[in-house]
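Asks: Coordinates in target13.cif, mmCIF, C-alpha atoms, are listed below.
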data_data
#
loop_
_atom_site.label_atom_id
_atom_site.label_comp_id
_atom_site.auth_asym_id
_atom_site.auth_seq_id
_atom_site.Cartn_x
_atom_site.Cartn_y
_atom_site.Cartn_z
CA MET N 1351 116.98 74.44 91.44
CA SER N 1352 116.68 78.23 91.63
CA GLN N 1353 116.01 79.86 94.97
CA PRO N 1354 112.38 80.91 95.48
CA ARG N 1355 111.78 84.65 95.32
CA GLY N 1356 111.44 86.04 98.83
CA ALA N 1357 113.84 83.45 100.30
CA GLY N 1358 117.33 84.43 101.41
CA PRO N 1359 118.80 87.95 101.23
CA PRO N 1360 117.35 90.48 98.77
CA ARG N 1361 118.97 90.56 95.34
CA VAL N 1362 119.82 94.09 94.21
CA VAL N 1363 120.47 96.01 90.99
CA ILE N 1364 122.27 99.37 91.31
CA ALA N 1365 121.56 101.98 88.63
CA ASP N 1366 123.69 105.14 88.74
CA ASP N 1367 125.84 106.87 86.14
CA GLN N 1368 128.66 107.40 88.66
CA THR N 1369 131.01 104.44 88.90
CA LEU N 1370 132.16 105.41 92.40
CA VAL N 1371 128.60 105.52 93.71
CA ARG N 1372 127.83 102.08 92.30
CA GLY N 1373 131.07 100.66 93.66
CA GLY N 1374 130.52 102.12 97.10
CA PHE N 1375 126.98 100.82 97.37
CA ARG N 1376 128.03 97.40 96.08
CA MET N 1377 130.76 97.14 98.71
CA ILE N 1378 128.37 98.11 101.52
CA LEU N 1379 125.66 95.67 100.44
CA ASN N 1380 128.04 92.79 99.74
CA SER N 1381 129.66 93.21 103.16
CA ALA N 1382 126.19 92.83 104.69
CA GLY N 1383 125.56 89.62 102.78
CA ILE N 1384 123.26 91.27 100.22
CA PRO N 1385 124.19 90.27 96.65
CA VAL N 1386 124.34 92.89 93.90
CA VAL N 1387 123.37 90.93 90.79
CA ALA N 1388 123.97 93.74 88.28
CA GLU N 1389 124.96 97.38 87.83
CA ALA N 1390 123.64 99.87 85.28
CA ALA N 1391 125.05 103.20 84.13
CA ASP N 1392 121.82 104.51 82.61
CA GLY N 1393 118.10 103.89 82.58
CA LYS N 1394 118.09 101.59 79.56
CA GLU N 1395 120.71 99.38 81.15
CA ALA N 1396 118.67 99.36 84.36
CA VAL N 1397 115.53 98.14 82.58
CA ALA N 1398 117.51 95.42 80.79
CA ALA N 1399 119.22 94.34 84.02
CA VAL N 1400 115.91 93.99 85.83
CA LEU N 1401 114.37 91.98 83.00
CA ARG N 1402 117.39 89.68 82.94
CA HIS N 1403 118.14 89.24 86.65
CA ARG N 1404 114.71 89.74 88.29
CA PRO N 1405 116.06 91.42 91.44
CA ASP N 1406 114.07 92.10 94.60
CA VAL N 1407 115.25 95.71 94.94
CA VAL N 1408 116.59 98.36 92.55
CA LEU N 1409 118.59 101.37 93.72
CA MET N 1410 117.72 103.91 91.02
CA ASP N 1411 119.39 107.24 90.37
CA ILE N 1412 117.18 109.88 88.72
CA ARG N 1413 119.52 111.83 86.48
CA MET N 1414 121.13 109.39 84.06
CA PRO N 1415 121.88 109.47 80.30
CA GLU N 1416 119.88 107.61 77.64
CA MET N 1417 116.84 107.18 79.90
CA ASP N 1418 116.36 108.87 83.28
CA GLY N 1419 115.45 107.00 86.43
CA LEU N 1420 111.83 108.12 86.35
CA GLU N 1421 111.20 106.65 82.90
CA ALA N 1422 113.16 103.53 83.83
CA THR N 1423 111.00 103.11 86.95
CA ARG N 1424 107.83 103.31 84.84
CA HIS N 1425 109.18 100.76 82.34
CA ILE N 1426 110.24 98.32 85.05
CA LEU N 1427 107.01 98.43 87.01
CA ALA N 1428 104.90 98.19 83.85
CA SER N 1429 106.92 95.25 82.54
CA ARG N 1430 106.69 93.20 85.74
CA PRO N 1431 103.15 93.85 87.03
CA GLY N 1432 102.86 90.48 88.76
CA GLU N 1433 106.18 90.67 90.57
CA GLN N 1434 107.18 92.60 93.64
CA VAL N 1435 110.34 94.34 92.50
CA ARG N 1436 110.89 97.34 94.77
CA ILE N 1437 112.55 100.52 93.54
CA ILE N 1438 114.36 102.94 95.84
CA ILE N 1439 115.06 106.33 94.29
CA LEU N 1440 118.48 107.85 94.94
CA THR N 1441 118.55 111.62 95.24
CA THR N 1442 120.62 114.50 96.56
CA PHE N 1443 119.99 116.75 99.55
CA ASP N 1444 117.99 119.26 97.50
CA LEU N 1445 115.13 116.82 96.71
CA ASP N 1446 115.09 116.24 92.99
CA GLN N 1447 111.81 117.45 91.45
CA TYR N 1448 111.25 114.09 89.79
CA VAL N 1449 111.25 112.08 93.02
CA TYR N 1450 107.58 112.77 93.67
CA GLU N 1451 106.59 111.51 90.23
CA ALA N 1452 108.70 108.39 90.80
CA LEU N 1453 106.86 107.71 94.06
CA ALA N 1454 103.53 108.20 92.33
CA ALA N 1455 104.68 105.78 89.62
CA GLY N 1456 105.22 103.08 92.23
CA ALA N 1457 108.73 103.51 93.64
CA SER N 1458 108.93 102.31 97.23
CA GLY N 1459 110.79 105.27 98.67
CA PHE N 1460 113.89 107.37 98.38
CA LEU N 1461 117.33 107.69 99.93
CA LEU N 1462 119.86 110.49 100.04
CA LYS N 1463 123.10 109.55 98.31
CA ASP N 1464 125.11 110.29 101.44
CA VAL N 1465 123.15 107.65 103.37
CA SER N 1466 125.06 105.75 106.08
CA PRO N 1467 125.98 102.11 105.39
CA GLU N 1468 123.64 100.92 108.13
CA HIS N 1469 120.72 102.93 106.75
CA LEU N 1470 121.34 101.68 103.21
CA VAL N 1471 121.29 98.04 104.30
CA GLY N 1472 118.23 98.61 106.47
CA ALA N 1473 116.41 100.40 103.63
CA VAL N 1474 116.95 97.54 101.19
CA GLN N 1475 115.70 95.03 103.74
CA LEU N 1476 112.72 97.21 104.66
CA VAL N 1477 111.33 97.71 101.17
CA ARG N 1478 111.94 94.05 100.29
CA SER N 1479 109.57 93.17 103.16
CA GLY N 1480 106.87 95.31 101.53
CA ASP N 1481 107.07 98.39 103.74
CA ALA N 1482 107.67 101.92 102.48
CA LEU N 1483 110.80 103.97 102.96
CA LEU N 1484 109.37 107.31 104.07
CA ALA N 1485 110.88 110.00 106.24
CA PRO N 1486 107.87 112.08 107.36
CA SER N 1487 109.65 115.46 107.38
CA ILE N 1488 111.11 114.95 103.89
CA THR N 1489 107.84 113.54 102.57
CA ARG N 1490 105.86 116.59 103.73
CA ARG N 1491 108.33 118.96 102.09
CA LEU N 1492 108.40 116.89 98.93
CA VAL N 1493 104.63 116.69 98.59
CA SER N 1494 104.05 120.34 99.42
CA ARG N 1495 106.55 121.43 96.75
CA PHE N 1496 105.84 119.00 93.95
CA ALA N 1497 102.43 117.36 94.39
CA PRO N 1498 100.53 117.61 91.11
CA ARG N 1499 96.99 118.87 91.01
CA PRO N 1500 94.30 116.16 90.99
CA GLY N 1501 94.18 114.77 87.46
CA GLY N 1502 97.53 116.31 86.56
CA PRO N 1503 100.77 114.51 85.63
CA GLY N 1504 101.60 111.86 88.20
CA ALA N 1505 98.18 112.05 89.85
CA LEU N 1506 96.69 108.84 91.19
CA GLY N 1507 93.09 107.73 90.91
CA GLY N 1508 91.19 106.57 93.96
CA ASP N 1509 87.81 107.22 95.55
CA LEU N 1510 88.17 107.54 99.31
CA SER N 1511 84.42 107.07 99.76
CA VAL N 1512 84.96 103.30 99.46
CA LEU N 1513 86.88 103.34 102.76
CA THR N 1514 85.33 102.87 106.19
CA PRO N 1515 85.85 105.59 108.84
CA ARG N 1516 88.51 103.40 110.51
CA GLU N 1517 90.28 102.88 107.20
CA LEU N 1518 90.27 106.62 106.54
CA GLU N 1519 91.82 107.14 109.97
CA VAL N 1520 94.50 104.56 109.25
CA LEU N 1521 95.22 106.12 105.84
CA GLY N 1522 95.65 109.54 107.41
CA LEU N 1523 98.13 108.17 109.93
CA ILE N 1524 100.04 106.29 107.25
CA ALA N 1525 100.33 109.54 105.32
CA ARG N 1526 101.83 111.19 108.40
CA GLY N 1527 104.63 108.64 108.31
CA MET N 1528 103.54 106.18 111.01
CA SER N 1529 104.89 102.63 110.90
CA ASN N 1530 102.68 99.62 111.60
CA ALA N 1531 103.97 99.48 115.18
CA GLU N 1532 103.18 103.17 115.71
CA LEU N 1533 99.73 102.75 114.18
CA ALA N 1534 99.03 99.81 116.48
CA ALA N 1535 100.01 101.84 119.54
CA ALA N 1536 98.06 104.94 118.47
CA LEU N 1537 94.87 103.01 117.69
CA THR N 1538 95.20 100.36 120.43
CA LEU N 1539 95.21 97.57 117.89
CA SER N 1540 97.46 94.59 117.21
CA GLU N 1541 100.01 94.91 114.43
CA ALA N 1542 98.24 92.05 112.64
CA THR N 1543 94.99 94.05 112.63
CA VAL N 1544 96.84 97.12 111.36
CA LYS N 1545 98.36 95.09 108.51
CA THR N 1546 94.86 93.88 107.61
CA HIS N 1547 93.56 97.46 107.50
CA VAL N 1548 96.50 98.56 105.34
CA ALA N 1549 95.99 95.66 102.92
CA ARG N 1550 92.29 96.47 102.59
CA ILE N 1551 93.00 100.15 101.97
CA LEU N 1552 95.49 99.34 99.21
CA GLY N 1553 93.13 96.80 97.67
CA LYS N 1554 90.08 99.05 97.68
CA LEU N 1555 91.99 101.99 96.20
CA GLY N 1556 93.97 99.91 93.69
CA LEU N 1557 97.30 101.12 95.06
CA ARG N 1558 100.63 99.34 94.81
CA ASP N 1559 101.98 100.10 98.28
CA ARG N 1560 102.09 102.51 101.22
CA VAL N 1561 103.98 105.13 99.23
CA GLN N 1562 101.13 105.49 96.76
CA ALA N 1563 98.74 105.63 99.71
CA VAL N 1564 100.66 108.62 101.06
CA VAL N 1565 100.64 110.31 97.65
CA LEU N 1566 96.89 109.81 97.28
CA ALA N 1567 96.15 111.06 100.80
CA TYR N 1568 97.81 114.37 99.95
CA GLN N 1569 96.36 114.60 96.44
CA THR N 1570 92.80 114.10 97.66
CA GLY N 1571 93.21 116.58 100.50
CA LEU N 1572 92.66 113.96 103.21
CA ILE N 1573 95.61 115.56 104.92
CA SER N 1574 97.61 118.68 104.11
CA PRO N 1575 101.37 119.13 104.23
CA GLY N 1576 102.45 120.81 107.45
CA PRO N 1577 104.48 124.01 107.47
CA PRO N 1578 108.02 123.61 106.13
CA GLU N 1579 110.39 122.33 108.77
CA ALA N 1580 113.66 124.01 109.57
CA GLY N 1581 116.72 122.47 107.92
#
The structure given in the file should be rewritten as structure tokens.

Replies:
Amino acid sequence: MSQPRGAGPPRVVIADDQTLVRGGFRMILNSAGIPVVAEAADGKEAVAAVLRHRPDVVLMDIRMPEMDGLEATRHILASRPGEQVRIIILTTFDLDQYVYEALAAGASGFLLKDVSPEHLVGAVQLVRSGDALLAPSITRRLVSRFAPRPGGPGALGGDLSVLTPRELEVLGLIARGMSNAELAAALTLSEATVKTHVARILGKLGLRDRVQAVVLAYQTGLISPGPPEAG
């Protein structure tokens, strides 16, 4: 009998056109007890690997031959609408211009390719649990540089008027990078209540996850990117 999805360690597909990158990530994940069920050297291979192996998490490079990571992300999420495959975008220190569009398309976050082994393992486990992988300082810079105009490419729909004042407050704090624990402390609520608020926000706005909630909060002007941070 096959193992139920969600039980045991997350199953991972690694998509990157650099053999050394794939091998390094595989070694790190395997040593942490996280199985890598397939590797892909381009976007087409990534889509095929996901369809065949049904992983929990995909580590997806952006710049690959045949089909880039952005298009592959769109194909994967469109082909498995009822399943919770999570995609983490891999990028370099200079913030690839396509990362924002990948987040808007439904990717669950992004990692720098020089990530530490501990952070890589933690990131895979985090997104598998349904949370978003967002570094507030990087997110602000990313959104301020690349956020499309409302209605433009990569823009999300969503009418914030359907939210209650408390839900708007929670959305604003999510967009500033707060975790559920931080939200609970800031609002003097239990984490269970915070999770309920987050679920209602996503449901009312028709959003996939917290990443899309962040994107929409910036696109609608609910909050504005802060001034660029040093470094």

Asks: Using the chain letters and numbers from the file, which residues does the PyMOL selection byres ((chain N and resi 1522-1537) around 8) grab, as a ChimeraX atom specification?

Replies: /N:1484-1486,1518-1521,1538-1541,1544-1545,1560,1563-1565,1567-1568,1572-1573

Asks: For the PyMOL selection byres ((chain N and resi 1408-1424) around 7), applied here, can you spell out every residue it catches as number ranges by chain?

Replies: N: 1362-1367, 1392-1394, 1396-1397, 1407, 1425-1428, 1436-1441, 1448, 1452, 1455

Asks: Do you have the atom CA of Arg1376 of chain N-atom CA of Gln1434 of chain N distance handy?

Replies: 21.5 Å

Asks: Residues within 7 Å of (92.7, 102.8, 101.4), file coordinates, counting all atoms listed in the file: what are they? Give the list as a list in words.

Replies: Leu1510, Leu1513, Glu1517, Leu1518, Leu1521, Val1548, Arg1550, Ile1551, Leu1552, Lys1554, Leu1555 and Ala1563 of chain N

Asks: Quote the spacing between atom CA of Arg1404 of chain N and atom CA of Arg1478 of chain N in Å to one decimal place.

Replies: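 Separation of atom CA of Arg1404 of chain N and atom CA of Arg1478 of chain N: 13.0 Å.
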
Asks: Which value, in Å to one decimal, gives the distance between atom CA of Gly1373 of chain N and atom CA of Arg1402 of chain N?

Replies: 20.6 Å

Asks: Please, which residues are within 12 Å of (128.8, 102.3, 108.0) by the file's coordinates, counting only C-alpha atoms, and could they come as a PyMOL selection string?

Replies: chain N and resi 1374-1375+1377-1379+1381-1382+1464-1472
